[in-house]
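Enquirer: Sharing model25.cif below, mmCIF, C-alpha atoms:
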data_coords
#
loop_
_atom_site.label_atom_id
_atom_site.label_comp_id
_atom_site.auth_asym_id
_atom_site.auth_seq_id
_atom_site.Cartn_x
_atom_site.Cartn_y
_atom_site.Cartn_z
CA ASN A 26 10.63 1.23 -5.74
CA ALA A 27 9.38 4.49 -7.30
CA GLY A 28 6.73 5.23 -4.65
CA VAL A 29 4.00 7.51 -6.03
CA THR A 30 4.43 8.77 -9.59
CA GLN A 31 2.38 11.44 -11.37
CA THR A 32 2.15 12.50 -14.99
CA PRO A 33 2.44 15.05 -16.42
CA LYS A 34 4.66 17.31 -14.30
CA PHE A 35 3.43 20.49 -16.00
CA GLN A 36 0.40 21.28 -18.15
CA VAL A 37 -1.13 24.39 -19.67
CA LEU A 38 -4.75 24.24 -20.80
CA LYS A 39 -7.18 26.67 -22.34
CA THR A 40 -10.54 27.23 -20.67
CA GLY A 41 -12.93 24.45 -21.67
CA GLN A 42 -10.29 21.88 -22.55
CA SER A 43 -10.22 18.52 -20.83
CA MET A 44 -7.38 16.45 -19.47
CA THR A 45 -6.59 13.52 -17.20
CA LEU A 46 -3.91 13.50 -14.52
CA GLN A 47 -2.41 10.09 -13.95
CA CYS A 48 -1.19 8.64 -10.66
CA ALA A 49 0.34 5.26 -9.84
CA GLN A 50 1.81 3.72 -6.70
CA ASP A 51 3.94 0.60 -6.31
CA MET A 52 3.63 0.15 -2.53
CA ASN A 53 0.54 -2.09 -2.65
CA HIS A 54 -1.44 0.57 -0.81
CA ASN A 55 -5.19 0.28 -0.49
CA SER A 56 -6.08 3.98 -0.28
CA MET A 57 -5.36 6.77 -2.75
CA TYR A 58 -6.09 10.49 -2.75
CA TRP A 59 -6.10 13.60 -4.93
CA TYR A 60 -5.36 17.01 -3.42
CA ARG A 61 -4.93 20.50 -4.75
CA GLN A 62 -2.55 23.02 -3.21
CA ASP A 63 -3.15 26.73 -3.54
CA PRO A 64 -1.17 29.54 -1.87
CA GLY A 65 -2.47 30.23 1.64
CA MET A 66 -5.02 27.41 1.43
CA GLY A 67 -2.95 24.40 2.40
CA LEU A 68 -3.95 21.08 0.87
CA ARG A 69 -7.57 20.44 0.07
CA LEU A 70 -8.91 16.97 -0.67
CA ILE A 71 -10.65 16.61 -4.03
CA TYR A 72 -11.51 12.89 -4.11
CA TYR A 73 -10.26 9.77 -2.45
CA SER A 74 -10.49 6.03 -2.86
CA ALA A 75 -10.42 4.13 0.43
CA SER A 76 -10.02 0.83 -1.39
CA GLU A 77 -10.06 -0.55 -4.91
CA GLY A 78 -13.54 -0.17 -6.38
CA THR A 79 -14.64 2.75 -4.18
CA THR A 80 -14.36 6.52 -4.57
CA ASP A 81 -15.67 9.35 -2.41
CA LYS A 82 -15.88 13.12 -2.65
CA GLY A 83 -13.60 15.27 -0.59
CA GLU A 84 -13.80 18.93 0.31
CA VAL A 85 -13.63 20.38 -3.24
CA PRO A 86 -14.95 17.84 -5.80
CA ASN A 87 -16.81 20.17 -8.17
CA GLY A 88 -15.41 20.16 -11.70
CA TYR A 89 -13.49 16.90 -11.24
CA ASN A 90 -14.04 13.19 -11.73
CA VAL A 91 -11.89 10.26 -10.70
CA SER A 92 -11.34 6.65 -11.66
CA ARG A 93 -9.70 3.98 -9.53
CA LEU A 94 -8.51 1.92 -12.47
CA ASN A 95 -6.98 -0.83 -10.34
CA LYS A 96 -5.17 -1.05 -7.02
CA ARG A 97 -2.14 0.81 -8.40
CA GLU A 98 -3.71 3.61 -10.42
CA PHE A 99 -6.00 6.52 -9.59
CA SER A 100 -6.70 9.17 -12.23
CA LEU A 101 -8.20 12.65 -11.95
CA ARG A 102 -10.13 14.11 -14.87
CA LEU A 103 -11.03 17.72 -15.60
CA GLU A 104 -13.87 17.63 -18.13
CA SER A 105 -14.00 21.37 -18.88
CA ALA A 106 -11.11 23.25 -17.32
CA ALA A 107 -11.64 26.65 -15.72
CA PRO A 108 -9.08 29.25 -14.57
CA SER A 109 -10.12 28.51 -10.95
CA GLN A 110 -8.60 25.05 -11.42
CA THR A 111 -5.12 26.52 -11.84
CA SER A 112 -3.25 24.82 -9.02
CA VAL A 113 -0.68 22.22 -8.06
CA TYR A 114 -2.21 18.76 -7.86
CA PHE A 115 -0.84 16.04 -5.61
CA CYS A 116 -1.66 12.37 -5.57
CA ALA A 117 -1.05 10.38 -2.39
CA SER A 118 -1.47 6.83 -1.17
CA SER A 119 -1.62 5.06 2.19
CA ARG A 120 -1.82 1.50 3.41
CA GLY A 121 -5.24 2.19 4.86
CA GLN A 122 -7.18 4.89 6.64
CA GLY A 123 -6.99 5.66 10.36
CA ALA A 124 -3.41 5.95 11.57
CA SER A 125 -1.71 5.27 8.22
CA GLU A 126 0.58 8.00 6.95
CA GLN A 127 0.22 9.15 3.37
CA PHE A 128 2.96 9.10 0.74
CA PHE A 129 2.87 11.87 -1.83
CA GLY A 130 3.81 12.14 -5.47
CA PRO A 131 5.89 15.03 -6.87
CA GLY A 132 2.88 16.99 -8.09
CA THR A 133 1.46 18.34 -11.35
CA ARG A 134 1.50 22.09 -11.91
CA LEU A 135 -1.58 22.98 -13.96
CA THR A 136 -2.31 26.38 -15.49
CA VAL A 137 -5.67 27.11 -17.11
CA LEU A 138 -5.71 30.19 -19.33
CA ALA B 10 -16.29 18.66 11.85
CA GLN B 11 -12.58 18.31 12.23
CA SER B 12 -10.17 21.19 11.71
CA VAL B 13 -6.55 22.18 12.13
CA ALA B 14 -5.08 25.61 12.85
CA GLN B 15 -1.50 26.66 12.30
CA PRO B 16 -1.54 30.17 13.76
CA GLU B 17 1.77 31.32 12.25
CA ASP B 18 2.23 31.73 8.51
CA GLN B 19 5.99 32.21 8.98
CA VAL B 20 8.48 31.30 11.68
CA ASN B 21 12.03 32.64 11.63
CA VAL B 22 14.76 31.15 13.79
CA ALA B 23 18.54 31.41 13.94
CA GLU B 24 20.59 28.31 13.14
CA GLY B 25 21.39 26.39 16.31
CA ASN B 26 18.42 27.77 18.23
CA PRO B 27 15.43 25.62 19.19
CA LEU B 28 12.39 25.83 16.94
CA THR B 29 8.68 25.36 17.51
CA VAL B 30 5.94 25.24 14.88
CA LYS B 31 2.49 25.43 16.44
CA CYS B 32 -0.61 23.37 15.67
CA THR B 33 -4.00 23.13 17.35
CA TYR B 34 -6.83 20.86 16.31
CA SER B 35 -10.51 20.13 16.74
CA VAL B 36 -11.86 16.60 16.25
CA SER B 37 -14.49 14.22 17.57
CA GLY B 38 -13.07 11.38 19.59
CA ASN B 39 -9.41 10.53 19.80
CA PRO B 40 -7.23 12.18 17.16
CA TYR B 41 -4.62 10.82 14.84
CA LEU B 42 -2.12 13.68 14.35
CA PHE B 43 0.56 14.06 11.69
CA TRP B 44 3.33 16.43 10.64
CA TYR B 45 4.54 16.67 7.06
CA VAL B 46 7.30 18.77 5.46
CA GLN B 47 7.40 20.15 1.93
CA TYR B 48 10.59 21.32 0.26
CA PRO B 49 10.37 23.63 -2.81
CA ASN B 50 8.82 22.00 -5.86
CA ARG B 51 8.40 18.67 -4.08
CA GLY B 52 5.57 16.61 -2.65
CA LEU B 53 4.92 16.36 1.07
CA GLN B 54 7.07 14.05 3.17
CA PHE B 55 5.87 12.38 6.37
CA LEU B 56 7.77 13.46 9.52
CA LEU B 57 5.96 11.90 12.46
CA LYS B 58 2.58 10.92 13.87
CA TYR B 59 0.73 10.53 17.14
CA ILE B 60 -1.70 7.65 17.52
CA THR B 61 -1.79 6.84 21.22
CA GLY B 62 0.53 6.37 24.17
CA ASP B 63 3.53 8.58 24.97
CA ASN B 64 2.71 12.26 24.46
CA LEU B 65 6.18 12.99 23.06
CA VAL B 66 6.64 11.58 19.58
CA LYS B 67 10.01 11.43 17.85
CA GLY B 68 10.30 11.54 14.07
CA SER B 69 12.65 12.03 11.16
CA TYR B 70 15.56 14.50 10.98
CA GLY B 71 15.61 15.11 14.76
CA PHE B 72 12.08 16.50 14.92
CA GLU B 73 9.68 15.71 17.73
CA ALA B 74 6.15 16.75 18.63
CA GLU B 75 4.26 16.96 21.89
CA PHE B 76 0.62 15.94 22.11
CA ASN B 77 -1.34 17.95 24.68
CA LYS B 78 -4.90 16.74 25.00
CA SER B 79 -6.12 19.48 27.35
CA GLN B 80 -4.85 22.22 25.03
CA THR B 81 -5.72 20.26 21.85
CA SER B 82 -2.26 21.00 20.53
CA PHE B 83 0.45 19.10 18.69
CA HIS B 84 3.43 21.44 18.35
CA LEU B 85 6.46 20.45 16.29
CA LYS B 86 9.86 21.01 17.90
CA LYS B 87 13.56 20.59 17.27
CA PRO B 88 16.28 21.37 19.82
CA SER B 89 18.74 22.87 17.33
CA ALA B 90 17.62 24.22 13.95
CA LEU B 91 19.58 23.72 10.72
CA VAL B 92 19.47 25.91 7.61
CA SER B 93 18.38 22.78 5.73
CA ASP B 94 15.22 22.64 7.91
CA SER B 95 13.89 25.66 6.00
CA ALA B 96 10.69 24.43 4.35
CA LEU B 97 6.89 24.47 4.55
CA TYR B 98 5.43 22.43 7.42
CA PHE B 99 1.91 21.02 7.56
CA CYS B 100 0.00 19.67 10.52
CA ALA B 101 -2.87 17.26 9.80
CA VAL B 102 -5.55 15.51 11.84
CA ARG B 103 -7.95 12.65 11.38
CA GLY B 104 -10.72 11.74 13.80
CA SER B 105 -12.33 8.42 14.52
CA GLY B 106 -13.96 6.34 11.83
CA ASN B 107 -13.01 6.73 8.21
CA THR B 108 -12.99 10.50 8.08
CA PRO B 109 -10.41 11.91 5.66
CA LEU B 110 -7.22 13.62 6.80
CA VAL B 111 -7.54 17.41 7.19
CA PHE B 112 -4.48 19.61 6.68
CA GLY B 113 -3.62 22.98 8.16
CA LYS B 114 -2.67 25.86 5.88
CA GLY B 115 1.03 25.37 6.52
CA THR B 116 3.81 27.30 8.28
CA ARG B 117 6.89 28.43 6.43
CA LEU B 118 10.01 27.91 8.53
CA SER B 119 13.07 29.97 7.71
CA VAL B 120 16.32 29.12 9.48
CA ILE B 121 18.89 31.87 9.17
CA ALA B 122 22.62 31.15 9.32
#
Step by step, read the file and then write its structure as structure tokens.
Expert:
Amino acid sequence: NAGVTQTPKFQVLKTGQSMTLQCAQDMNHNSMYWYRQDPGMGLRLIYYSASEGTTDKGEVPNGYNVSRLNKREFSLRLESAAPSQTSVYFCASSRGQGASEQFFGPGTRLTVL
Amino acid sequence: AQSVAQPEDQVNVAEGNPLTVKCTYSVSGNPYLFWYVQYPNRGLQFLLKYITGDNLVKGSYGFEAEFNKSQTSFHLKKPSALVSDSALYFCAVRGSGNTPLVFGKGTRLSVIA
């Protein structure tokens, strides 16, 4: 039982390049999330998927797109990376919304030059 | 709009002493409250949550938190701190309906031997 896995662990991009961050969970959870963590800012929600087939914007969606590929997988795409997107990205999943706790992946450290 | 405040960026405590990490919140309706811990270069780990009922919630690793509705607080406590408790702690809140979880900016706990 791997929990939540993320790939890659590290990535360096040049401004304007694109990339996709992959996330998968094996806990049969309905809801999945993408966050970014910046020093002094805590975690900020980028996008989430309350259930398979739905996605919604979070607090900081600009510059990102997501795809809920199936119940297990939720990817985050940067179409044209900018230095402001340098951050650590975390994927999380939960059984549902409401009182369900979230389970987090190990993170992807992204640097945009 | 819902929000969480962690008023201390850093808390220092001597090993064996009690520790408290403070959290206050603002939310419409009844809150769901969570504490998470993050060790260096890791994802967040769930510690405990308050949904309803007893105001004192017990969680992992000997941590507990007290829900105080009148003061809109949910402080994290441990009777006797360990050096291994040194980490970054996040408080989070979700209100009624399907509103997303909102995280505080985090408090860095340092336990000194």
Enquirer: May I have the residues within 8 Å of B:Ser37 as a PDB file with C-alpha atoms, keeping the file's coordinate frame, using only C-alpha atoms and disregarding those fewer than 4 positions away in the same chain?
Expert:
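Dumped everything to around31.pdb:
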ATOM      1  CA  ALA B  10     -16.290  18.660  11.850  1.00  0.00           C
ATOM      2  CA  GLN B  11     -12.580  18.310  12.230  1.00  0.00           C
ATOM      3  CA  GLY B 104     -10.720  11.740  13.800  1.00  0.00           C
ATOM      4  CA  SER B 105     -12.330   8.420  14.520  1.00  0.00           C
TER       5      SER B 105
END
Enquirer: The PyMOL selection byres ((chain A and resi 83-99) around 7) - which residues does that actually catch in the file I just gave you? List them as a list in words.
Expert: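 So the PyMOL selection byres ((chain A and resi 83-99) around 7) ends up selecting Gln47, Cys48, Ala49, Gln50, Asp51, Asn53, Asn55, Met57, Arg69, Leu70, Ile71, Tyr72, Tyr73, Glu77, Gly78, Asp81, Lys82, Ser100, Leu101, Arg102, Leu103 and Glu104 of chain A.
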Enquirer: Considering all atoms listed in the file, can you say which of B:Leu91, B:Leu97, B:Leu110, B:Val102 comes closest to B:Val22?
Expert: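 Closest residue, counting all atoms listed in the file: B:Leu91.
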Enquirer: Using only C-alpha atoms, which of the listed residues (B:Lys78, B:Arg103, B:Asn64, B:Ala23) sits closest to B:Tyr41?
Expert: B:Arg103
Enquirer: Residues of chain B within 9 Å of chain A, counting only C-alpha atoms - could you list those as a list in words?
Expert: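 Close enough to count are Asp18, Tyr41, Leu42, Phe43, Asn50, Arg51, Gly52, Leu53, Gln54, Phe55, Leu57, Lys58, Tyr59, Ile60, Phe99, Arg103, Gly104, Ser105, Gly106, Asn107, Thr108, Pro109, Leu110, Val111, Phe112, Gly113, Lys114 and Gly115 of chain B.
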Enquirer: For the structure shown, which residues end up in the PyMOL selection byres ((chain B and resi 16) around 10)? Put them as a list in words, please?
Expert: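 Output of the PyMOL selection byres ((chain B and resi 16) around 10): Val13, Ala14, Gln15, Glu17, Asp18, Gln19, Val30, Lys31, Cys32, Thr33, Gly113, Lys114, Gly115 and Thr116 of chain B.
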Enquirer: In Å, with one decimal, what is the gap from atom CA of A:Trp59 to atom CA of A:Thr80?
Expert: 10.9 Å
Enquirer: Return as a PyMOL selection string the set of residues that the PyMOL selection byres ((chain B and resi 86) around 7) yields on the displayed structure.
Expert: chain B and resi 28-30+72-74+84-85+87-88
Enquirer: Where's the centre, and what are the edge lengths in Å to one decimal, of a box along x, y and z enclosing all listed atoms of stretch 88-100 of chain B padded 3 Å per side, as JSON?
Expert:
{"center_x": 9.8, "center_y": 22.8, "center_z": 12.1, "size_x": 25.6, "size_y": 12.2, "size_z": 21.5}
Enquirer: I need the residue nearest B:Ser119 from this list: B:Val36, B:Cys100, B:Val20, B:Val66. Use all atoms listed in the file for the distance.
Expert: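 For B:Ser119, the nearest of the candidates is B:Val20.
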Enquirer: Distance atom CA of B:Tyr98-atom CA of B:Pro49, one decimal place?
Expert: 11.4 Å
Enquirer: Report, in Å with one decimal, the straight-line distance from atom CA of B:Gly25 to atom CA of B:Arg117.
Expert: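 About the pair atom CA of B:Gly25 and atom CA of B:Arg117: they are 17.7 Å apart.
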Enquirer: Using only C-alpha atoms for the distances, tell me which of B:Asn21, B:Asn26, B:Ser82, B:Thr61 is nearest to B:Asn39.
Expert: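 Under the stated criterion, the closest residue is B:Thr61.
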Enquirer: Around (-8.1, 23.5, -18.9) in the file's own coordinates, what residues are found within 12 Å if you use only C-alpha atoms, given back as JSON, numbers by chain?
Expert: {"A": [36, 37, 38, 39, 40, 41, 42, 43, 44, 45, 46, 88, 89, 102, 103, 104, 105, 106, 107, 108, 109, 110, 111, 112, 134, 135, 136, 137, 138]}
Enquirer: Just stretch 41-52 of chain B, please, as a PDB file, in the first residue's frame (only all heavy atoms).
Expert:
ATOM      1  N   TYR B  41     -14.859  21.910  10.942  1.00  0.00           N
ATOM      2  CA  TYR B  41     -14.047  20.714  11.034  1.00  0.00           C
ATOM      3  C   TYR B  41     -12.609  21.211  11.158  1.00  0.00           C
ATOM      4  O   TYR B  41     -12.140  21.965  10.300  1.00  0.00           O
ATOM      5  CB  TYR B  41     -14.177  19.855   9.783  1.00  0.00           C
ATOM      6  CG  TYR B  41     -15.564  19.326   9.534  1.00  0.00           C
ATOM      7  CD1 TYR B  41     -16.183  19.509   8.296  1.00  0.00           C
ATOM      8  CD2 TYR B  41     -16.256  18.637  10.515  1.00  0.00           C
ATOM      9  CE1 TYR B  41     -17.449  19.021   8.049  1.00  0.00           C
ATOM     10  CE2 TYR B  41     -17.528  18.150  10.283  1.00  0.00           C
ATOM     11  CZ  TYR B  41     -18.121  18.341   9.049  1.00  0.00           C
ATOM     12  OH  TYR B  41     -19.382  17.863   8.807  1.00  0.00           O
ATOM     13  N   LEU B  42     -11.895  20.777  12.195  1.00  0.00           N
ATOM     14  CA  LEU B  42     -10.557  21.306  12.489  1.00  0.00           C
ATOM     15  C   LEU B  42      -9.539  20.169  12.476  1.00  0.00           C
ATOM     16  O   LEU B  42      -9.816  19.077  12.976  1.00  0.00           O
ATOM     17  CB  LEU B  42     -10.548  21.998  13.846  1.00  0.00           C
ATOM     18  CG  LEU B  42     -11.352  23.293  13.889  1.00  0.00           C
ATOM     19  CD1 LEU B  42     -11.849  23.573  15.292  1.00  0.00           C
ATOM     20  CD2 LEU B  42     -10.509  24.459  13.372  1.00  0.00           C
ATOM     21  N   PHE B  43      -8.363  20.454  11.939  1.00  0.00           N
ATOM     22  CA  PHE B  43      -7.336  19.440  11.753  1.00  0.00           C
ATOM     23  C   PHE B  43      -5.975  19.997  12.180  1.00  0.00           C
ATOM     24  O   PHE B  43      -5.710  21.195  12.059  1.00  0.00           O
ATOM     25  CB  PHE B  43      -7.225  19.034  10.272  1.00  0.00           C
ATOM     26  CG  PHE B  43      -8.489  18.516   9.660  1.00  0.00           C
ATOM     27  CD1 PHE B  43      -9.482  19.381   9.227  1.00  0.00           C
ATOM     28  CD2 PHE B  43      -8.677  17.159   9.506  1.00  0.00           C
ATOM     29  CE1 PHE B  43     -10.647  18.907   8.653  1.00  0.00           C
ATOM     30  CE2 PHE B  43      -9.837  16.663   8.918  1.00  0.00           C
ATOM     31  CZ  PHE B  43     -10.824  17.536   8.498  1.00  0.00           C
ATOM     32  N   TRP B  44      -5.104  19.088  12.623  1.00  0.00           N
ATOM     33  CA  TRP B  44      -3.686  19.383  12.786  1.00  0.00           C
ATOM     34  C   TRP B  44      -2.880  18.370  11.965  1.00  0.00           C
ATOM     35  O   TRP B  44      -3.171  17.160  12.000  1.00  0.00           O
ATOM     36  CB  TRP B  44      -3.249  19.291  14.243  1.00  0.00           C
ATOM     37  CG  TRP B  44      -3.490  20.548  15.020  1.00  0.00           C
ATOM     38  CD1 TRP B  44      -4.506  20.797  15.898  1.00  0.00           C
ATOM     39  CD2 TRP B  44      -2.690  21.731  15.001  1.00  0.00           C
ATOM     40  NE1 TRP B  44      -4.389  22.062  16.421  1.00  0.00           N
ATOM     41  CE2 TRP B  44      -3.285  22.661  15.889  1.00  0.00           C
ATOM     42  CE3 TRP B  44      -1.527  22.120  14.325  1.00  0.00           C
ATOM     43  CZ2 TRP B  44      -2.758  23.933  16.122  1.00  0.00           C
ATOM     44  CZ3 TRP B  44      -1.004  23.372  14.544  1.00  0.00           C
ATOM     45  CH2 TRP B  44      -1.618  24.264  15.437  1.00  0.00           C
ATOM     46  N   TYR B  45      -1.863  18.930  11.261  1.00  0.00           N
ATOM     47  CA  TYR B  45      -0.944  18.121  10.493  1.00  0.00           C
ATOM     48  C   TYR B  45       0.479  18.468  10.922  1.00  0.00           C
ATOM     49  O   TYR B  45       0.763  19.585  11.359  1.00  0.00           O
ATOM     50  CB  TYR B  45      -1.072  18.402   8.992  1.00  0.00           C
ATOM     51  CG  TYR B  45      -2.340  17.900   8.361  1.00  0.00           C
ATOM     52  CD1 TYR B  45      -3.523  18.638   8.436  1.00  0.00           C
ATOM     53  CD2 TYR B  45      -2.372  16.685   7.694  1.00  0.00           C
ATOM     54  CE1 TYR B  45      -4.693  18.172   7.850  1.00  0.00           C
ATOM     55  CE2 TYR B  45      -3.532  16.216   7.104  1.00  0.00           C
ATOM     56  CZ  TYR B  45      -4.688  16.964   7.193  1.00  0.00           C
ATOM     57  OH  TYR B  45      -5.840  16.502   6.614  1.00  0.00           O
ATOM     58  N   VAL B  46       1.404  17.522  10.729  1.00  0.00           N
ATOM     59  CA  VAL B  46       2.819  17.749  11.015  1.00  0.00           C
ATOM     60  C   VAL B  46       3.628  17.457   9.754  1.00  0.00           C
ATOM     61  O   VAL B  46       3.279  16.565   8.978  1.00  0.00           O
ATOM     62  CB  VAL B  46       3.304  16.872  12.191  1.00  0.00           C
ATOM     63  CG1 VAL B  46       3.149  15.385  11.895  1.00  0.00           C
ATOM     64  CG2 VAL B  46       4.759  17.179  12.533  1.00  0.00           C
ATOM     65  N   GLN B  47       4.668  18.259   9.554  1.00  0.00           N
ATOM     66  CA  GLN B  47       5.553  18.050   8.401  1.00  0.00           C
ATOM     67  C   GLN B  47       6.996  17.981   8.890  1.00  0.00           C
ATOM     68  O   GLN B  47       7.518  18.949   9.452  1.00  0.00           O
ATOM     69  CB  GLN B  47       5.397  19.174   7.384  1.00  0.00           C
ATOM     70  CG  GLN B  47       6.215  18.946   6.117  1.00  0.00           C
ATOM     71  CD  GLN B  47       6.071  20.078   5.113  1.00  0.00           C
ATOM     72  OE1 GLN B  47       5.903  21.235   5.483  1.00  0.00           O
ATOM     73  NE2 GLN B  47       6.141  19.750   3.836  1.00  0.00           N
ATOM     74  N   TYR B  48       7.630  16.842   8.632  1.00  0.00           N
ATOM     75  CA  TYR B  48       9.048  16.685   8.908  1.00  0.00           C
ATOM     76  C   TYR B  48       9.842  17.123   7.675  1.00  0.00           C
ATOM     77  O   TYR B  48       9.292  17.136   6.568  1.00  0.00           O
ATOM     78  CB  TYR B  48       9.352  15.246   9.305  1.00  0.00           C
ATOM     79  CG  TYR B  48       8.649  14.841  10.578  1.00  0.00           C
ATOM     80  CD1 TYR B  48       7.492  14.072  10.532  1.00  0.00           C
ATOM     81  CD2 TYR B  48       9.107  15.268  11.822  1.00  0.00           C
ATOM     82  CE1 TYR B  48       6.818  13.726  11.695  1.00  0.00           C
ATOM     83  CE2 TYR B  48       8.442  14.926  12.980  1.00  0.00           C
ATOM     84  CZ  TYR B  48       7.294  14.156  12.908  1.00  0.00           C
ATOM     85  OH  TYR B  48       6.629  13.834  14.059  1.00  0.00           O
ATOM     86  N   PRO B  49      11.123  17.451   7.836  1.00  0.00           N
ATOM     87  CA  PRO B  49      11.908  17.985   6.701  1.00  0.00           C
ATOM     88  C   PRO B  49      11.846  17.101   5.467  1.00  0.00           C
ATOM     89  O   PRO B  49      11.985  15.879   5.557  1.00  0.00           O
ATOM     90  CB  PRO B  49      13.323  18.052   7.278  1.00  0.00           C
ATOM     91  CG  PRO B  49      13.116  18.256   8.741  1.00  0.00           C
ATOM     92  CD  PRO B  49      11.890  17.458   9.095  1.00  0.00           C
ATOM     93  N   ASN B  50      11.600  17.732   4.342  1.00  0.00           N
ATOM     94  CA  ASN B  50      11.578  17.063   3.033  1.00  0.00           C
ATOM     95  C   ASN B  50      10.545  15.943   2.952  1.00  0.00           C
ATOM     96  O   ASN B  50      10.756  14.952   2.247  1.00  0.00           O
ATOM     97  CB  ASN B  50      12.970  16.523   2.681  1.00  0.00           C
ATOM     98  CG  ASN B  50      14.001  17.627   2.634  1.00  0.00           C
ATOM     99  OD1 ASN B  50      13.785  18.677   2.025  1.00  0.00           O
ATOM    100  ND2 ASN B  50      15.125  17.427   3.320  1.00  0.00           N
ATOM    101  N   ARG B  51       9.454  16.099   3.675  1.00  0.00           N
ATOM    102  CA  ARG B  51       8.378  15.116   3.645  1.00  0.00           C
ATOM    103  C   ARG B  51       7.054  15.801   3.400  1.00  0.00           C
ATOM    104  O   ARG B  51       6.919  17.019   3.543  1.00  0.00           O
ATOM    105  CB  ARG B  51       8.308  14.367   4.991  1.00  0.00           C
ATOM    106  CG  ARG B  51       9.572  13.668   5.415  1.00  0.00           C
ATOM    107  CD  ARG B  51       9.810  12.412   4.618  1.00  0.00           C
ATOM    108  NE  ARG B  51       8.800  11.401   4.845  1.00  0.00           N
ATOM    109  CZ  ARG B  51       8.821  10.541   5.856  1.00  0.00           C
ATOM    110  NH1 ARG B  51       9.816  10.550   6.712  1.00  0.00           N
ATOM    111  NH2 ARG B  51       7.855   9.649   5.977  1.00  0.00           N
ATOM    112  N   GLY B  52       6.052  15.008   3.046  1.00  0.00           N
ATOM    113  CA  GLY B  52       4.692  15.523   2.949  1.00  0.00           C
ATOM    114  C   GLY B  52       4.077  15.665   4.331  1.00  0.00           C
ATOM    115  O   GLY B  52       4.642  15.248   5.331  1.00  0.00           O
TER     116      GLY B  52
END
